[in-house]
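Single-structure report; data block below.
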Amino acid sequence: MSEVKNILLCGVGGQGTILASKILSTALVAAGYDVKMSEIHGMSQRGGSVVTQVRYGDKVYSPIIGKGSADILVSFEAMEALRYLNGLKKDGVAVVNDYRLPTATTLSGQETYPADCIERLKTLVNTKVLDAAKIATELGNPKSMNIVLLGALIQLMKLEALDWDKAIADNIKPRFAAINRKALDAGIAAVAE
Amino acid sequence: MKQLMTGNEAVARGAWEAGVRYASAYPGTPSTEILENIAQYREIYSEWAPNEKVATESAIGASFAGGRALVAMKHVGLNVAADPLFTGAYIGVNGGLVIVSADDPGLHSSQDEQDNRYYARAAKVGMLEPSDSQEAKDFVGIALELSEQFDMPILLRMTTRVCHSKSIVDLSKERTEKPLVPYAKQDKFNPIPAISKRLHTKVEQNLKRLEEYSESSPLNYVEWGEKKIGIISSGVAYEYAKEVYGENASYLKLGFTFPLPMRKIREFAARVDQLIVVEELEPIMENEIKAAGIPCIGKEKIPCEGELNPDILRQSLLGEEHETIRYDASVVAARPPVLCAGCPHRGFFYELQKMKNVITVSDIGCYGLAPKDIAICMGGGFSVAHGAQKIFNSESDGTRKRCVGIMGDSTFFHSGMTSMLEAVYNRSDILMVVLDNRITAMTGHQQNPGTGLTLAEEPTHMTNIAEVAQALGVKHIRTVNPLKPDEVRDALKWGMGFDEPALLITRWPCALKKMTQTDVEEFGSLRFVNRVDPEKCIGCRACIQTGCPAIEYHADSKKVTIDQIQCTGCDLCAQVCPKHAIFREEKQNV
Ligand SMILES: Cc1ncc(C[n+]2csc(CCOP(=O)(O)OP(=O)(O)O)c2C)c(N)n1
Ligand code: SF4
Ligand code: SF4
């Protein structure tokens with residue numbers, strides 16, 4: 001029986017974490033895994049912090065995990081990685097997007113954005129830093145930043161062999177399929193050793 | 001075919017398979033997507049109702065006429081629908097009727113954390129609780145069968161995690177068309193006291209029969225593992241228990257949870273060393289099991305507040321915790337949800353905040369993210385303000401507090417119209433405000449009676465809020481564009497100047513609204529974006545006071561910039577800039 005793997009994706013409402021996790025879980029289901037995915041809607045559209053959990057294996061019970069249980073944490077925004085770091089296993093991997101979004105409290109000056117959040121992360125855990133916005137922009141579609149990050153996740157979880165073309169086709173409009181496949185490959189390449 | 005589905009998508013699919021003819025709802029997280037998905041099945045006639053009470057009544061009507069019906073709402077929605085539920089339970093059904101209640105343990109987006117399993121007990125109707133999406137789909141059909149067999153509406157209780165988690169669903173079943181149950185005039189449809197007395201007897205008898213069903217139901221089954229620990233659980237809590245104990249415990253998994261199968265529970269209890277009841281929120285099963293004289297462990301260990309998860313169970317029952325990375329999380333800045341860039345509500349609150357001695361009595365909607373003093377439940381905005389104002393008016397400390405009651409368009413149609421009538425009828429002197437953003441925004445942009453479109457986006461009558469208010473007897477009504485602070489300031493002063501109720505309507509579409517042709521005719525196509533001229537900006541941060549998340553102040557350059565992706569060109573910041581450093585232009589290539 002294969003062990004259940006736990007993935008945590010976090011970011012800010014509107015960054016496309018949900019689409020990335022949809023593509024991910026579509027491919028996992030097609031590959032024959034039992035999959036559960038949990039996302040909380042509600043306030044996410046209004047710039048709040050968002051987290052999606054994806055679990056896969058032979059048999060998955062709970063759709064959510066608790067602290068210290070994720071094999072990998074993919075953070076679409078730099079500071080959010082620190083917010084959800086306690087979800088990660090001690091020997092897990094953190095993938096962090098070098099992309100900063102101010103919060104309402106940092107914009108108003110009530111709080112300061114921790115400029116050193118990525119440096120902090122590096123001292124705490126095995127961290128892969130990606131400039132997904134830059135990679136996506138160079139490919140000609142800044143909006144596919146989320147797919148670049150998905151690519152990194154795929155590489156680190158050793159899931160490259162799954163049918164990603166089909167998973168993309170199932171979730172993305174045909175005219176954006178090719179560019180998103182490129183973004184996915186770029187994400188895979190970005191963290192390949 | 002197997003597909004990943006959310007619990008809400010699965011309920012919609014289940015309704016389709018089971019031959020449901022009529023479905024209604026008022027939106028509310030986490031239930032909203034049930035109707036949005038049902039709307040995609042052409043065989044089901046589906047609608048948004050103005051509120052949960054009328055949604056339930058309409059579904060009851062459809063059931064009486066002989067069609068299978070479904071109605072869905074969030075937990076607090078069932079409070080609104082409680083009246084038809086209780087007498088509906090006496091009358092029973094003709095075509096099957098399932099009432100979906102989606103509870104929100106953990107308060108992901110709700111104002112309370114009530115446990116609607118109590119409603120099954122209070123109204124004396126059967127209840128089913130799915131644990132995952134497959135069950136969510138299957139239980140709809142079973143609930144309809146039971147409803148017809150036991151002559152009662154059946155409650156399907158979901159929770160946020162069941163509604164919004166995806167799991168694999170088998171879609172091999174097709175729709176079975178159910179012939180209408182012929183309508184015939186019956187005593188039971190007329191619950192006058194003499195008839196209702198007999199109906200009450202029927203309810204008690206049916207509950208007894210339902211108890212027997214619960215004992216033999218395949219939805220309530222045992223999974224044997226280690227017998228040192230026996231776990232009784234339902235809903236998503238069952239999945240958490242399995243996650244934590246795996247094969248190291250035995251389970252009595254309950255899908256049909258009211259009435260409880262007490263004989264089955266007793267037998268299960270007798271064969272395990274220790275019985276644990278794992279339930280989210282209230283100790284409902286636990287109390288009933290204890291009252292039946294069966295010892296068990298429950299809420300003395302497992303918290304009754306908040307959402308459960310495998311961690312909480314592991315910690316409370318086994319005293320175990322996963323190791324986590326230790327670090328200083330205090331450097332992480334809060335990221336609360338805020339009104340979107342370009343939100344029309346922002347302009348109104350920007351001006352309201354500046355008024356002195358004002359008590360802001362708000363309501364439930366996106367505008368709840370803006371500053372407020374008081375809010376309680378949907379439609380409470382005007383009536384709470386009215387009651388408070390009566391007391392404030394009797395105060396003689398000389399301050400003269402003024403209550404401003406605030407609600408959105410959807411909330412006005414939901415239950416705000418009676419709230420307004422209260423103020424008119426009882427000679428209030430409050431200022432009422434309807435923030436009409438032309439949509440039900442908070443729950444994800446559903447149509448409502450004021451938008452002119454139905455759930456299927458077909459044109460319908462567009463109810464006009466000012467006309468309603470006029471008909472209710474409001475004599476002073478003004479409509480403004482909330483993104484024009486000067487207009488708002490003026491109107492607020494005007495609205496406070498009466499010793500009668502006055503109404504201010506702010507009318508501008510939600511920044512995320514999919515604009516209709518009618519909207520474009522009224523408001524224009526709104527393709528703008530604002531920019532800051534760094535030469536003119538003096539870094540005074542007046543624009544930051546609007547709270548728009550697209551505006552950022554840079555301490556190094558002492559200037560602000562506007563995020564061109566987020567900005568909708570609403571132009572509010574430009575109007576508050578003392579140096580006219582912000583200007584608006586047409587958005588390119590969209
Ligand atoms: C009784 C009840 N039903 C449903 C909800 C869910 N809900 C919260 S806010 C809201 C809609 C608010 O719409 P509107 O008043 O138009 O304000 P907007 O969000 O558009 O600003 C709904 C349906 C609730 N909180 N209570
Ligand atoms: S115009 Fe100003 S207030 Fe409006 S969305 Fe743009 S930055 Fe925000
Ligand atoms: S969804 Fe609409 S109403 Fe709600 S905060 Fe955003 S712009 Fe405002």
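Identifiers in this document derive from the order of the structure tokens: chains are assigned A, B, ..., residues are numbered from 1 separately in each chain, and ligands are numbered from 1 in order of occurrence.
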>> as a PyMOL selection string, please: the residues near Asn190 in chain B (cut-off 12 Å, only C-alpha atoms, same-chain neighbours under 5 positions excluded).
In response: chain B and resi 64+87-88+90-92+185+195-199
Selection above as a file: N, CA and C atoms, as a CSV table (one decimal), in the first residue's frame:
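Listed below is the output, again_23.csv:
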chain,number,residue,atom,x,y,z
B,64,PHE,N,-46.1,19.2,-2.4
B,64,PHE,CA,-47.5,18.9,-2.3
B,64,PHE,C,-48.2,18.7,-3.6
B,87,THR,N,-44.1,23.1,10.7
B,87,THR,CA,-45.4,22.6,10.4
B,87,THR,C,-45.3,21.7,9.1
B,88,GLY,N,-44.4,21.9,8.3
B,88,GLY,CA,-44.1,21.0,7.2
B,88,GLY,C,-43.9,19.6,7.6
B,90,TYR,N,-45.2,18.3,10.2
B,90,TYR,CA,-46.5,17.7,10.6
B,90,TYR,C,-47.3,17.3,9.4
B,91,ILE,N,-47.3,18.1,8.4
B,91,ILE,CA,-48.1,17.9,7.2
B,91,ILE,C,-47.5,16.7,6.4
B,92,GLY,N,-46.2,16.7,6.3
B,92,GLY,CA,-45.6,15.7,5.5
B,92,GLY,C,-45.4,16.1,4.0
B,185,LYS,N,-56.8,16.6,-2.9
B,185,LYS,CA,-57.1,17.4,-1.7
B,185,LYS,C,-57.1,16.5,-0.5
B,195,ILE,N,-57.0,19.2,13.0
B,195,ILE,CA,-56.3,18.3,12.1
B,195,ILE,C,-54.8,18.1,12.6
B,196,SER,N,-54.2,19.2,13.0
B,196,SER,CA,-52.8,19.2,13.5
B,196,SER,C,-52.7,18.2,14.7
B,197,LYS,N,-53.7,18.1,15.5
B,197,LYS,CA,-53.6,17.2,16.6
B,197,LYS,C,-53.4,15.8,16.1
B,198,ARG,N,-54.2,15.4,15.1
B,198,ARG,CA,-54.0,14.1,14.5
B,198,ARG,C,-52.7,14.0,13.8
B,199,LEU,N,-52.2,15.1,13.2
B,199,LEU,CA,-50.9,15.1,12.5
B,199,LEU,C,-49.8,14.9,13.5
> Please, which residues of chain A lie no more than 7 Å from chain B when the count uses only C-alpha atoms, and can they be set out as an MDAnalysis selection string?
Replying inline: chainID A and resid 35:40 42:43 46:49 61:68 79 82:83 86 88:90 103:105 107:108 111:114
>> Taking only C-alpha atoms and all ligand atoms into account, list the residues no farther than 8 Å from ligand 1, as a PyMOL selection string.
In response: chain B and resi 26-29+51-52+73-80+110-111+345+363-368+377-378+407-412+435-443+445+510
> Among range 263-421 of chain B, which ones does DSSP place in strand (DSSP E or B), written as a PyMOL selection string?
Replying inline: chain B and resi 274-278+297+358-361+374+402-408
Expected file: the selected residues, N, CA, C and O atoms, as a PDB file, in the first residue's frame:
ATOM      1  N   GLN B 274     -13.943   0.254  25.058  1.00  0.00           N
ATOM      2  CA  GLN B 274     -14.194   1.661  25.382  1.00  0.00           C
ATOM      3  C   GLN B 274     -14.908   2.308  24.205  1.00  0.00           C
ATOM      4  O   GLN B 274     -14.518   2.123  23.054  1.00  0.00           O
ATOM      5  N   LEU B 275     -15.965   3.060  24.507  1.00  0.00           N
ATOM      6  CA  LEU B 275     -16.755   3.671  23.437  1.00  0.00           C
ATOM      7  C   LEU B 275     -16.454   5.175  23.371  1.00  0.00           C
ATOM      8  O   LEU B 275     -16.529   5.870  24.383  1.00  0.00           O
ATOM      9  N   ILE B 276     -16.104   5.647  22.178  1.00  0.00           N
ATOM     10  CA  ILE B 276     -15.830   7.080  21.999  1.00  0.00           C
ATOM     11  C   ILE B 276     -16.794   7.625  20.946  1.00  0.00           C
ATOM     12  O   ILE B 276     -16.947   7.026  19.880  1.00  0.00           O
ATOM     13  N   VAL B 277     -17.419   8.739  21.259  1.00  0.00           N
ATOM     14  CA  VAL B 277     -18.282   9.388  20.271  1.00  0.00           C
ATOM     15  C   VAL B 277     -17.504  10.560  19.684  1.00  0.00           C
ATOM     16  O   VAL B 277     -17.116  11.473  20.408  1.00  0.00           O
ATOM     17  N   VAL B 278     -17.240  10.495  18.385  1.00  0.00           N
ATOM     18  CA  VAL B 278     -16.477  11.559  17.729  1.00  0.00           C
ATOM     19  C   VAL B 278     -17.457  12.390  16.907  1.00  0.00           C
ATOM     20  O   VAL B 278     -17.931  11.962  15.854  1.00  0.00           O
ATOM     21  N   ILE B 297     -17.205   8.164  25.950  1.00  0.00           N
ATOM     22  CA  ILE B 297     -16.334   9.337  26.077  1.00  0.00           C
ATOM     23  C   ILE B 297     -16.673  10.271  24.927  1.00  0.00           C
ATOM     24  O   ILE B 297     -16.944   9.821  23.817  1.00  0.00           O
ATOM     25  N   VAL B 358     -22.185  59.041  15.226  1.00  0.00           N
ATOM     26  CA  VAL B 358     -22.983  58.108  14.441  1.00  0.00           C
ATOM     27  C   VAL B 358     -22.730  56.679  14.914  1.00  0.00           C
ATOM     28  O   VAL B 358     -21.594  56.292  15.151  1.00  0.00           O
ATOM     29  N   ILE B 359     -23.815  55.943  15.114  1.00  0.00           N
ATOM     30  CA  ILE B 359     -23.688  54.522  15.422  1.00  0.00           C
ATOM     31  C   ILE B 359     -24.005  53.764  14.128  1.00  0.00           C
ATOM     32  O   ILE B 359     -25.119  53.856  13.609  1.00  0.00           O
ATOM     33  N   THR B 360     -23.024  53.040  13.611  1.00  0.00           N
ATOM     34  CA  THR B 360     -23.208  52.324  12.352  1.00  0.00           C
ATOM     35  C   THR B 360     -23.782  50.939  12.625  1.00  0.00           C
ATOM     36  O   THR B 360     -23.106  50.071  13.173  1.00  0.00           O
ATOM     37  N   VAL B 361     -25.045  50.772  12.270  1.00  0.00           N
ATOM     38  CA  VAL B 361     -25.680  49.469  12.455  1.00  0.00           C
ATOM     39  C   VAL B 361     -25.695  48.788  11.095  1.00  0.00           C
ATOM     40  O   VAL B 361     -26.508  49.117  10.232  1.00  0.00           O
ATOM     41  N   ILE B 374     -22.245  47.748  14.989  1.00  0.00           N
ATOM     42  CA  ILE B 374     -23.166  46.668  15.345  1.00  0.00           C
ATOM     43  C   ILE B 374     -23.572  45.927  14.080  1.00  0.00           C
ATOM     44  O   ILE B 374     -23.748  46.536  13.021  1.00  0.00           O
ATOM     45  N   ARG B 402     -26.783  59.253  16.600  1.00  0.00           N
ATOM     46  CA  ARG B 402     -27.661  58.969  15.463  1.00  0.00           C
ATOM     47  C   ARG B 402     -27.338  57.597  14.881  1.00  0.00           C
ATOM     48  O   ARG B 402     -26.203  57.304  14.561  1.00  0.00           O
ATOM     49  N   CYS B 403     -28.380  56.787  14.744  1.00  0.00           N
ATOM     50  CA  CYS B 403     -28.170  55.443  14.190  1.00  0.00           C
ATOM     51  C   CYS B 403     -28.354  55.462  12.682  1.00  0.00           C
ATOM     52  O   CYS B 403     -29.357  55.963  12.168  1.00  0.00           O
ATOM     53  N   VAL B 404     -27.379  54.890  11.986  1.00  0.00           N
ATOM     54  CA  VAL B 404     -27.514  54.701  10.549  1.00  0.00           C
ATOM     55  C   VAL B 404     -27.606  53.204  10.308  1.00  0.00           C
ATOM     56  O   VAL B 404     -26.689  52.446  10.653  1.00  0.00           O
ATOM     57  N   GLY B 405     -28.729  52.766   9.787  1.00  0.00           N
ATOM     58  CA  GLY B 405     -28.930  51.343   9.480  1.00  0.00           C
ATOM     59  C   GLY B 405     -28.509  51.072   8.047  1.00  0.00           C
ATOM     60  O   GLY B 405     -28.882  51.819   7.141  1.00  0.00           O
ATOM     61  N   ILE B 406     -27.705  50.015   7.843  1.00  0.00           N
ATOM     62  CA  ILE B 406     -27.120  49.766   6.525  1.00  0.00           C
ATOM     63  C   ILE B 406     -27.339  48.327   6.094  1.00  0.00           C
ATOM     64  O   ILE B 406     -27.158  47.406   6.898  1.00  0.00           O
ATOM     65  N   MET B 407     -27.721  48.130   4.855  1.00  0.00           N
ATOM     66  CA  MET B 407     -27.741  46.761   4.307  1.00  0.00           C
ATOM     67  C   MET B 407     -27.592  46.798   2.789  1.00  0.00           C
ATOM     68  O   MET B 407     -27.724  47.842   2.164  1.00  0.00           O
ATOM     69  N   GLY B 408     -27.312  45.643   2.215  1.00  0.00           N
ATOM     70  CA  GLY B 408     -27.147  45.541   0.770  1.00  0.00           C
ATOM     71  C   GLY B 408     -28.465  45.258   0.071  1.00  0.00           C
ATOM     72  O   GLY B 408     -29.497  45.044   0.713  1.00  0.00           O
TER      73      GLY B 408
END
>> Taking only C-alpha atoms and all ligand atoms into account, which residues have an atom no farther than 9 Å from ligand 2? I'd like them as a PyMOL selection string.
In response: chain B and resi 340-344+346-347+483+511+528-531+543-544+546-552+561-564+566-575+582-584
>> I need the residue nearest Leu184 in chain A from this list: A:Val148, A:Met157, A:Ala169, A:Val12. Use only C-alpha atoms for the distance.
In response: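 Selected residue with least distance to Leu184 in chain A: A:Val148.
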Would you pick out the contacts of Glu135 in chain B at 9 Å or less, using only C-alpha atoms, so that residues sharing its chain but fewer than 5 positions from it are not included, and give the list as a compact mmCIF listing (two decimals) with N, CA, C and O atoms, in the first residue's frame?
# COMPACT_ATOMS: atom_id res chain seq x y z
N GLY B 7 -18.68 18.25 -2.51
CA GLY B 7 -19.93 17.75 -1.94
C GLY B 7 -21.12 18.48 -2.55
O GLY B 7 -22.17 17.87 -2.81
N ALA B 10 -21.86 17.22 -5.92
CA ALA B 10 -22.41 15.87 -5.79
C ALA B 10 -23.89 15.91 -5.38
O ALA B 10 -24.69 15.12 -5.87
N VAL B 11 -24.26 16.84 -4.51
CA VAL B 11 -25.67 16.96 -4.13
C VAL B 11 -26.50 17.31 -5.37
O VAL B 11 -27.58 16.75 -5.60
N GLU B 129 -26.44 12.41 7.18
CA GLU B 129 -25.19 13.19 7.19
C GLU B 129 -24.13 12.49 6.36
O GLU B 129 -23.52 11.53 6.81
N PRO B 130 -23.87 12.99 5.14
CA PRO B 130 -22.82 12.40 4.33
C PRO B 130 -21.43 12.74 4.85
O PRO B 130 -21.22 13.79 5.45
N VAL B 140 -28.90 12.01 -1.33
CA VAL B 140 -30.04 12.81 -1.81
C VAL B 140 -31.17 11.89 -2.26
O VAL B 140 -32.33 12.05 -1.87
N VAL B 169 -16.33 10.54 -7.13
CA VAL B 169 -17.74 10.13 -7.20
C VAL B 169 -17.93 9.28 -8.45
O VAL B 169 -17.43 9.59 -9.52
N GLY B 255 -24.66 7.15 8.91
CA GLY B 255 -25.04 8.05 7.82
C GLY B 255 -26.45 8.58 8.04
O GLY B 255 -26.80 9.68 7.65
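Atom pair CA of Thr32 in chain B / CA of Leu526 in chain B has a distance of 28.2 Å (rounded to one decimal).
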> For the atom pair CA of Ala136 in chain A and CA of Leu159 in chain A, what is the interatomic distance in Å to one decimal place?
Replying inline: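 If I compute the distance from CA of Ala136 in chain A to CA of Leu159 in chain A, I get 20.9 Å.
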> Do you know which residues are at most 9 Å from Gly151 in chain A counting only C-alpha atoms, after dropping those on the same chain fewer than 4 positions away, and could you put them as a PyMOL selection string?
Replying inline: chain A and resi 146-147+155-156+160+183-191
Let me see the file: selected residues, C-alpha atoms, as a PDB file, in the first residue's frame.
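Generated file (out.pdb):
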ATOM      1  CA  ASN A 146       0.531  29.462 -10.825  1.00  0.00           C
ATOM      2  CA  ILE A 147       1.321  26.805 -13.415  1.00  0.00           C
ATOM      3  CA  GLN A 155       9.191  17.797 -10.163  1.00  0.00           C
ATOM      4  CA  LEU A 156       9.738  17.662  -6.411  1.00  0.00           C
ATOM      5  CA  GLU A 160       6.429  14.177 -14.105  1.00  0.00           C
ATOM      6  CA  ALA A 183       4.894  27.202 -17.983  1.00  0.00           C
ATOM      7  CA  LEU A 184       4.596  23.784 -16.383  1.00  0.00           C
ATOM      8  CA  ASP A 185       7.793  22.581 -18.048  1.00  0.00           C
ATOM      9  CA  ALA A 186       9.593  25.743 -17.049  1.00  0.00           C
ATOM     10  CA  GLY A 187       8.564  25.136 -13.447  1.00  0.00           C
ATOM     11  CA  ILE A 188       9.804  21.549 -13.632  1.00  0.00           C
ATOM     12  CA  ALA A 189      13.133  22.724 -15.074  1.00  0.00           C
ATOM     13  CA  ALA A 190      13.488  25.493 -12.512  1.00  0.00           C
ATOM     14  CA  VAL A 191      13.840  23.087  -9.594  1.00  0.00           C
TER      15      VAL A 191
END
>> I'd like the contact shell of Tyr425 in chain B - 10 Å cut-off, only C-alpha atoms, skipping same-chain residues fewer than 2 positions apart - returned as a list in words.
In response: Met420, Leu421, Glu422, Ala423, Arg427, Ser428, Leu472, Gly473, Val474 and Pro501 of chain B
